[in-house]
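For reference, the structure discussed in these notes is given below.
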Amino acid sequence: DTAVSQTPKYLVTQMGNDKSIKCEQNLGHDTMYWYKQDSKKFLKIMFSYNNKELIINETVPNRFSPKSPDKAHLNLHINSLELGDSAVYFCASSQVLPGAGMETQYFGPGTRLLVL
Amino acid sequence: DAKTTQPTSMDCAEGRAANLPCNHSTISGNEYVYWYRQIHSQGPQYIIHGLKNNETNEMASLIITEDRKSSTLILPHATLRDTAVYYCIVRRPNFGNEKLTFGTGTRLTIIP
C-alpha cells in the first residue's frame with residue numbers, strides 16, 4: 001500500500017529529449033512537492049502545489065513544467081533534457097495540521113534520471 | 001528559517017543509543033525542529049519534530065535544550081537498518097507554503 005509512488009523508477013535518455021515523471025499519493029493530502037537531489041546528494045525543493053495550484057517555484061528553468069491534474073497527482077515534464085538534469089527526483093506530499101500549520105512530508109522512492 | 005549545523009559523520013555500535021547533535025543557535029520562537037533521515041537510495045523519511053518540549057515516538061526521542069539553541073536526536077537501540085543520513089531542519093509554520101530546506105546532514109553508520 002504505497003503512500004507516495006513515482007514512475008518510472010529509472011529513466012535513461014538522450015540529451016535534447018522530452019520526458020515526464022509521474023507522482024501519485026493516496027494519503028488524501030492537499031500539498032505535493034518535487035525535490036531534486038544532485039550527484040553531491042544535496043536535496044532541494046523545486047516546486048510545490050496546493051490543491052492543484054502552484055505555490056512554490058524555486059527558480060527552476062522553464063524547461064521543467066509541473067502539472068497537477070488533481071490533488072492526488074503531480075507530474076513533472078522536462079523539455080530539452082540537458083546533462084545537468086541528471087539527478088534523483090523525489091515527489092512528496094503533506095497535509096497542514098489543523099491549528100498548527102506544521103506538517104510531515106511523505107516522500108516517494110525517487111526517480112533516477114540519467115541524461116546521456 | 002534558521003540555519004543548522006550537524007557533524008558530518010558519526011559511528012555507533014549496534015544495540016547502543018545513537019545520539020545525533022544539532023546546533024540551531026539562531027532559532028526563533030515559532031520555529032520547530034524537525035528530523036528526517038534518508039536511507040541509501042530511498043526517499044527521506046520523517047522521524048520526529050518538536051518546538052520546545054522533549055518528544056518521543058516509536059522511532060526516536062528528541063531532546064531540545066532550554067534555550068532551544070541545540071537539540072539531540074536519540075535512537076535508543078540502534079540497528080544496522082538505522083544507517084542513514086540524518087537531517088536536522090528548523091522551520092516555522094508557513095501555512096500552505098511549506099518547504100523543507102535540507103542541509104548536508106550527519107551520515108550515521110551503525111557498526112555490527
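Identifiers for the C-alpha cells are assigned positionally: chains receive A, B, ... in sequence, residues are indexed from 1 per chain, and ligands are indexed from 1 in the order shown.
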So that I can check the surroundings of A:Met46, please list as a PyMOL selection string every protein, DNA and RNA residue that reaches within 9 Å of it, counting only C-alpha atoms and ignoring chain neighbours fewer than 4 positions away.
chain A and resi 33-36+56-60
When the cut-off is 10 Å and we count only C-alpha atoms, which residues of chain B are near chain A, given as a ChimeraX atom specification?
/B:31-32,34,36,41-49,91-105
Suppose we keep N, CA, C and O atoms; can you now write the selection as an mmCIF file, in the first residue's frame?
```
data_model
loop_
_atom_site.group_PDB
_atom_site.id
_atom_site.type_symbol
_atom_site.label_atom_id
_atom_site.label_comp_id
_atom_site.auth_asym_id
_atom_site.auth_seq_id
_atom_site.Cartn_x
_atom_site.Cartn_y
_atom_site.Cartn_z
ATOM 1 N N GLU B 31 9.783 28.693 15.533
ATOM 2 C CA GLU B 31 10.371 27.692 14.646
ATOM 3 C C GLU B 31 10.446 26.326 15.326
ATOM 4 O O GLU B 31 10.843 26.216 16.485
ATOM 5 N N TYR B 32 10.077 25.314 14.581
ATOM 6 C CA TYR B 32 10.121 23.946 15.044
ATOM 7 C C TYR B 32 11.430 23.296 14.618
ATOM 8 O O TYR B 32 12.025 23.658 13.604
ATOM 9 N N TYR B 34 12.793 19.798 13.212
ATOM 10 C CA TYR B 34 12.367 18.570 12.539
ATOM 11 C C TYR B 34 13.584 17.683 12.271
ATOM 12 O O TYR B 34 14.669 18.183 11.998
ATOM 13 N N TYR B 36 14.593 14.368 9.799
ATOM 14 C CA TYR B 36 14.320 13.402 8.745
ATOM 15 C C TYR B 36 15.570 12.559 8.553
ATOM 16 O O TYR B 36 16.670 12.976 8.912
ATOM 17 N N SER B 41 19.513 5.304 -1.187
ATOM 18 C CA SER B 41 18.667 5.048 -2.361
ATOM 19 C C SER B 41 17.168 5.141 -2.081
ATOM 20 O O SER B 41 16.370 4.723 -2.915
ATOM 21 N N GLN B 42 16.796 5.674 -0.916
ATOM 22 C CA GLN B 42 15.371 5.840 -0.632
ATOM 23 C C GLN B 42 15.022 7.312 -0.478
ATOM 24 O O GLN B 42 15.906 8.161 -0.380
ATOM 25 N N GLY B 43 13.729 7.606 -0.440
ATOM 26 C CA GLY B 43 13.296 8.965 -0.182
ATOM 27 C C GLY B 43 13.452 9.300 1.293
ATOM 28 O O GLY B 43 13.462 8.412 2.144
ATOM 29 N N PRO B 44 13.586 10.592 1.623
ATOM 30 C CA PRO B 44 13.678 10.979 3.030
ATOM 31 C C PRO B 44 12.454 10.505 3.819
ATOM 32 O O PRO B 44 11.350 10.402 3.278
ATOM 33 N N GLN B 45 12.690 10.234 5.094
ATOM 34 C CA GLN B 45 11.650 9.708 5.975
ATOM 35 C C GLN B 45 11.561 10.575 7.208
ATOM 36 O O GLN B 45 12.575 10.864 7.856
ATOM 37 N N TYR B 46 10.369 10.998 7.555
ATOM 38 C CA TYR B 46 10.151 11.781 8.762
ATOM 39 C C TYR B 46 10.459 10.942 9.996
ATOM 40 O O TYR B 46 10.107 9.750 10.059
ATOM 41 N N ILE B 47 11.115 11.569 10.994
ATOM 42 C CA ILE B 47 11.377 10.867 12.255
ATOM 43 C C ILE B 47 10.572 11.482 13.387
ATOM 44 O O ILE B 47 9.760 10.815 14.034
ATOM 45 N N ILE B 48 10.782 12.770 13.631
ATOM 46 C CA ILE B 48 10.190 13.389 14.812
ATOM 47 C C ILE B 48 10.302 14.898 14.686
ATOM 48 O O ILE B 48 11.115 15.391 13.873
ATOM 49 N N HIS B 49 9.498 15.646 15.409
ATOM 50 C CA HIS B 49 9.675 17.093 15.463
ATOM 51 C C HIS B 49 9.242 17.615 16.830
ATOM 52 O O HIS B 49 8.513 16.921 17.573
ATOM 53 N N ARG B 91 12.267 25.042 10.976
ATOM 54 C CA ARG B 91 11.362 25.781 10.102
ATOM 55 C C ARG B 91 10.154 26.305 10.877
ATOM 56 O O ARG B 91 9.728 25.710 11.856
ATOM 57 N N ARG B 92 9.624 27.402 10.388
ATOM 58 C CA ARG B 92 8.453 27.995 11.031
ATOM 59 C C ARG B 92 7.216 27.638 10.224
ATOM 60 O O ARG B 92 7.302 27.365 9.030
ATOM 61 N N PRO B 93 6.065 27.661 10.884
ATOM 62 C CA PRO B 93 4.834 27.406 10.142
ATOM 63 C C PRO B 93 4.659 28.429 9.041
ATOM 64 O O PRO B 93 4.884 29.616 9.243
ATOM 65 N N ASN B 94 4.290 27.955 7.868
ATOM 66 C CA ASN B 94 4.087 28.851 6.730
ATOM 67 C C ASN B 94 2.911 28.292 5.950
ATOM 68 O O ASN B 94 3.058 27.669 4.927
ATOM 69 N N PHE B 95 1.750 28.546 6.474
ATOM 70 C CA PHE B 95 0.542 27.870 6.037
ATOM 71 C C PHE B 95 0.412 27.837 4.527
ATOM 72 O O PHE B 95 0.341 28.854 3.875
ATOM 73 N N GLY B 96 0.391 26.622 4.003
ATOM 74 C CA GLY B 96 0.200 26.429 2.576
ATOM 75 C C GLY B 96 1.424 26.701 1.739
ATOM 76 O O GLY B 96 1.372 26.610 0.524
ATOM 77 N N ASN B 97 2.535 27.057 2.346
ATOM 78 C CA ASN B 97 3.730 27.374 1.561
ATOM 79 C C ASN B 97 4.941 26.699 2.189
ATOM 80 O O ASN B 97 5.980 27.309 2.377
ATOM 81 N N GLU B 98 4.754 25.430 2.548
ATOM 82 C CA GLU B 98 5.794 24.728 3.266
ATOM 83 C C GLU B 98 6.872 24.225 2.322
ATOM 84 O O GLU B 98 6.585 23.826 1.195
ATOM 85 N N LYS B 99 8.085 24.242 2.763
ATOM 86 C CA LYS B 99 9.133 23.547 2.043
ATOM 87 C C LYS B 99 10.181 23.117 3.058
ATOM 88 O O LYS B 99 10.325 23.727 4.107
ATOM 89 N N LEU B 100 10.871 22.069 2.755
ATOM 90 C CA LEU B 100 11.956 21.600 3.604
ATOM 91 C C LEU B 100 13.275 22.026 2.982
ATOM 92 O O LEU B 100 13.505 21.802 1.797
ATOM 93 N N THR B 101 14.116 22.670 3.778
ATOM 94 C CA THR B 101 15.450 23.046 3.312
ATOM 95 C C THR B 101 16.446 22.107 3.974
ATOM 96 O O THR B 101 16.695 22.190 5.178
ATOM 97 N N PHE B 102 16.979 21.198 3.174
ATOM 98 C CA PHE B 102 17.902 20.191 3.695
ATOM 99 C C PHE B 102 19.324 20.715 3.666
ATOM 100 O O PHE B 102 19.762 21.299 2.682
ATOM 101 N N GLY B 103 20.066 20.472 4.762
ATOM 102 C CA GLY B 103 21.498 20.753 4.781
ATOM 103 C C GLY B 103 22.251 19.514 4.338
ATOM 104 O O GLY B 103 21.719 18.702 3.572
ATOM 105 N N THR B 104 23.462 19.378 4.839
ATOM 106 C CA THR B 104 24.278 18.228 4.459
ATOM 107 C C THR B 104 24.054 17.028 5.368
ATOM 108 O O THR B 104 24.401 15.916 5.035
ATOM 109 N N GLY B 105 23.468 17.259 6.544
ATOM 110 C CA GLY B 105 23.125 16.155 7.432
ATOM 111 C C GLY B 105 24.315 15.461 8.063
ATOM 112 O O GLY B 105 25.479 15.822 7.842
#
```
Neighbouring residues of B:Arg81 were defined as those with any atom within 12 Å, considering only C-alpha atoms; residues of the same chain fewer than 5 positions away were excluded. Please report them as a count of residues only.
12
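Interatomic distance, atom CA of B:Trp35 against atom CA of B:Thr8: 15.3 Å.
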For A:Pro66, work out the shell of residues within 8 Å, counting only C-alpha atoms and skipping chain neighbours fewer than 2 positions away, then give it as JSON, numbers by chain.
{"A": [47, 64, 68, 74, 75, 76, 77]}
Applying 12 Å and only C-alpha atoms, which residues near stretch 63-71 of chain B remain after dropping the ones on its own chain fewer than 3 positions away? List them as number ranges by chain.
B: 2-6, 19-35, 48-56, 60, 74-75, 88-90
Taking C-alpha atoms for each residue, export the selection above as a compact mmCIF listing (two decimals), in the first residue's frame.
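Contents of result03.txt, as written:
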```txt
# COMPACT_ATOMS: atom_id res chain seq x y z
CA ALA B 2 17.17 29.16 10.94
CA LYS B 3 20.39 27.52 9.81
CA THR B 4 21.51 24.25 11.43
CA THR B 5 24.93 22.73 12.00
CA GLN B 6 25.48 18.98 12.28
CA ASN B 19 22.93 10.50 19.88
CA LEU B 20 22.92 12.93 16.98
CA PRO B 21 23.51 16.59 17.86
CA CYS B 22 22.27 19.64 16.00
CA ASN B 23 23.05 23.31 16.62
CA HIS B 24 20.49 25.94 15.70
CA SER B 25 21.65 28.98 17.64
CA THR B 26 19.62 31.45 15.53
CA ILE B 27 16.31 29.66 16.02
CA SER B 28 13.36 31.97 16.62
CA GLY B 29 10.41 31.49 18.92
CA ASN B 30 7.95 29.99 16.45
CA GLU B 31 10.37 27.69 14.65
CA TYR B 32 10.12 23.95 15.04
CA VAL B 33 12.96 21.43 14.97
CA TYR B 34 12.37 18.57 12.54
CA TRP B 35 14.39 15.44 11.93
CA ILE B 48 10.19 13.39 14.81
CA HIS B 49 9.67 17.09 15.46
CA GLY B 50 9.32 19.43 18.44
CA LEU B 51 9.00 23.04 19.47
CA LYS B 52 10.41 23.30 23.00
CA ASN B 53 9.40 20.21 24.94
CA ASN B 54 11.20 16.91 24.62
CA GLU B 55 9.38 14.49 22.36
CA THR B 56 9.34 10.72 21.98
CA ALA B 60 13.28 8.18 18.45
CA ILE B 74 18.34 9.82 20.18
CA LEU B 75 17.87 6.41 18.60
CA CYS B 88 18.04 18.37 11.29
CA ILE B 89 15.77 21.07 9.87
CA VAL B 90 14.44 24.17 11.59
```
Please give the complete set of residues from chain B that DSSP, run on the backbone, assigns to strand (DSSP E or B), formatted as a compact mmCIF listing (two decimals) with N, CA and C atoms, in the first residue's frame.
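The result, written out as selection_38.txt:
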```txt
# COMPACT_ATOMS: atom_id res chain seq x y z
N THR B 5 23.60 23.28 12.14
CA THR B 5 24.93 22.73 12.00
C THR B 5 24.95 21.33 12.60
N SER B 9 29.75 13.18 10.07
CA SER B 9 29.54 11.74 10.19
C SER B 9 29.71 11.29 11.63
N MET B 10 29.11 10.13 11.92
CA MET B 10 29.21 9.52 13.25
C MET B 10 29.09 8.01 13.09
N ASP B 11 29.74 7.30 14.02
CA ASP B 11 29.57 5.84 14.09
C ASP B 11 28.91 5.51 15.42
N CYS B 12 28.19 4.40 15.43
CA CYS B 12 27.58 3.93 16.67
C CYS B 12 27.53 2.41 16.62
N ALA B 13 27.81 1.77 17.75
CA ALA B 13 27.76 0.31 17.79
C ALA B 13 26.31 -0.16 17.81
N ALA B 18 22.22 5.87 19.78
CA ALA B 18 22.88 6.82 18.89
C ALA B 18 22.36 8.21 19.22
N ASN B 19 23.29 9.12 19.53
CA ASN B 19 22.93 10.50 19.88
C ASN B 19 23.45 11.44 18.81
N LEU B 20 22.54 12.06 18.08
CA LEU B 20 22.92 12.93 16.98
C LEU B 20 22.64 14.38 17.36
N PRO B 21 23.71 15.19 17.46
CA PRO B 21 23.51 16.59 17.86
C PRO B 21 23.19 17.51 16.68
N CYS B 22 22.56 18.62 17.01
CA CYS B 22 22.27 19.64 16.00
C CYS B 22 22.29 21.01 16.68
N ASN B 23 23.04 21.94 16.12
CA ASN B 23 23.05 23.31 16.62
C ASN B 23 22.17 24.19 15.75
N TYR B 32 10.08 25.31 14.58
CA TYR B 32 10.12 23.95 15.04
C TYR B 32 11.43 23.30 14.62
N VAL B 33 11.81 22.26 15.35
CA VAL B 33 12.96 21.43 14.97
C VAL B 33 12.41 20.11 14.42
N TYR B 34 12.79 19.80 13.21
CA TYR B 34 12.37 18.57 12.54
C TYR B 34 13.58 17.68 12.27
N TRP B 35 13.36 16.39 12.34
CA TRP B 35 14.39 15.44 11.93
C TRP B 35 13.82 14.51 10.86
N TYR B 36 14.59 14.37 9.80
CA TYR B 36 14.32 13.40 8.75
C TYR B 36 15.57 12.56 8.55
N ARG B 37 15.40 11.40 7.95
CA ARG B 37 16.58 10.63 7.58
C ARG B 37 16.40 10.08 6.17
N GLN B 38 17.52 9.78 5.54
CA GLN B 38 17.49 9.21 4.20
C GLN B 38 18.39 7.98 4.19
N GLN B 45 12.69 10.23 5.09
CA GLN B 45 11.65 9.71 5.98
C GLN B 45 11.56 10.58 7.21
N TYR B 46 10.37 11.00 7.56
CA TYR B 46 10.15 11.78 8.76
C TYR B 46 10.46 10.94 10.00
N ILE B 47 11.11 11.57 10.99
CA ILE B 47 11.38 10.87 12.26
C ILE B 47 10.57 11.48 13.39
N ILE B 48 10.78 12.77 13.63
CA ILE B 48 10.19 13.39 14.81
C ILE B 48 10.30 14.90 14.69
N HIS B 49 9.50 15.65 15.41
CA HIS B 49 9.67 17.09 15.46
C HIS B 49 9.24 17.62 16.83
N GLY B 50 9.69 18.82 17.16
CA GLY B 50 9.32 19.43 18.44
C GLY B 50 9.50 20.93 18.40
N GLU B 55 10.37 15.31 23.02
CA GLU B 55 9.38 14.49 22.36
C GLU B 55 9.90 13.08 22.19
N THR B 56 8.97 12.13 22.20
CA THR B 56 9.34 10.72 21.98
C THR B 56 8.26 10.08 21.13
N SER B 61 13.75 9.74 20.20
CA SER B 61 13.46 10.81 21.15
C SER B 61 14.17 12.07 20.69
N LEU B 62 13.56 13.20 20.98
CA LEU B 62 14.14 14.49 20.63
C LEU B 62 14.28 15.30 21.91
N ILE B 63 15.53 15.68 22.20
CA ILE B 63 15.80 16.49 23.38
C ILE B 63 16.19 17.88 22.90
N ILE B 64 15.46 18.89 23.33
CA ILE B 64 15.73 20.27 22.94
C ILE B 64 16.18 21.02 24.18
N SER B 70 20.05 24.25 20.64
CA SER B 70 20.56 22.97 20.13
C SER B 70 19.58 21.86 20.51
N SER B 71 19.75 20.73 19.82
CA SER B 71 18.90 19.58 20.11
C SER B 71 19.68 18.31 19.83
N THR B 72 19.15 17.21 20.34
CA THR B 72 19.78 15.91 20.13
C THR B 72 18.71 14.91 19.76
N LEU B 73 18.94 14.20 18.69
CA LEU B 73 18.08 13.09 18.30
C LEU B 73 18.67 11.83 18.89
N ILE B 74 17.86 11.05 19.57
CA ILE B 74 18.34 9.82 20.18
C ILE B 74 17.61 8.62 19.58
N LEU B 75 18.40 7.71 19.02
CA LEU B 75 17.87 6.41 18.60
C LEU B 75 18.26 5.45 19.71
N ALA B 84 22.10 5.70 7.91
CA ALA B 84 21.42 6.65 7.02
C ALA B 84 22.06 8.02 7.20
N VAL B 85 21.62 8.97 6.38
CA VAL B 85 21.95 10.37 6.59
C VAL B 85 20.79 11.01 7.34
N TYR B 86 21.10 11.68 8.45
CA TYR B 86 20.09 12.28 9.30
C TYR B 86 20.13 13.81 9.15
N TYR B 87 18.98 14.38 8.87
CA TYR B 87 18.88 15.82 8.63
C TYR B 87 18.11 16.49 9.76
N CYS B 88 18.71 17.52 10.30
CA CYS B 88 18.04 18.37 11.29
C CYS B 88 17.59 19.63 10.55
N ILE B 89 16.32 19.95 10.63
CA ILE B 89 15.77 21.07 9.87
C ILE B 89 14.96 21.94 10.82
N VAL B 90 15.20 23.23 10.77
CA VAL B 90 14.44 24.17 11.59
C VAL B 90 13.54 24.99 10.67
N ARG B 91 12.27 25.04 10.98
CA ARG B 91 11.36 25.78 10.10
C ARG B 91 10.15 26.30 10.88
N THR B 106 24.00 14.46 8.89
CA THR B 106 25.01 13.61 9.53
C THR B 106 24.87 12.21 8.98
N ARG B 107 25.96 11.68 8.46
CA ARG B 107 25.94 10.29 7.98
C ARG B 107 26.22 9.39 9.17
N LEU B 108 25.21 8.67 9.63
CA LEU B 108 25.34 7.76 10.77
C LEU B 108 25.56 6.35 10.25
N THR B 109 26.63 5.74 10.73
CA THR B 109 26.93 4.36 10.37
C THR B 109 26.83 3.50 11.63
N ILE B 110 26.01 2.48 11.58
CA ILE B 110 25.87 1.57 12.72
C ILE B 110 26.83 0.39 12.47
N ILE B 111 27.70 0.18 13.44
CA ILE B 111 28.74 -0.84 13.32
C ILE B 111 28.27 -2.15 13.97
```
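Pairwise distance (atom CA of A:Glu24, atom CA of A:Leu83) equals 26.4 Å.
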In Å, rounded to a single decimal, give me how far atom CA of A:Ile21 is from atom CA of A:Pro8.
6.5 Å
Give me the residues near A:Lys52 as a ChimeraX atom specification, where near means some atom within 8 Å (using only C-alpha atoms) and where sequence neighbours in that chain fewer than 4 positions away do not count.
/A:68-71
Mind dumping the selected residues with N, CA, C and O atoms as a compact mmCIF listing (two decimals), in the first residue's frame?
```txt
# COMPACT_ATOMS: atom_id res chain seq x y z
N SER A 68 -0.53 19.38 -12.38
CA SER A 68 -1.31 18.71 -11.34
C SER A 68 -2.74 18.54 -11.84
O SER A 68 -3.56 19.45 -11.69
N PRO A 69 -3.09 17.38 -12.42
CA PRO A 69 -4.45 17.19 -12.93
C PRO A 69 -5.49 17.12 -11.82
O PRO A 69 -6.66 17.46 -12.04
N ASP A 70 -5.09 16.65 -10.65
CA ASP A 70 -5.95 16.64 -9.46
C ASP A 70 -5.02 16.61 -8.25
O ASP A 70 -3.81 16.45 -8.40
N LYS A 71 -5.58 16.75 -7.07
CA LYS A 71 -4.69 16.94 -5.92
C LYS A 71 -3.94 15.68 -5.53
O LYS A 71 -3.04 15.73 -4.71
```
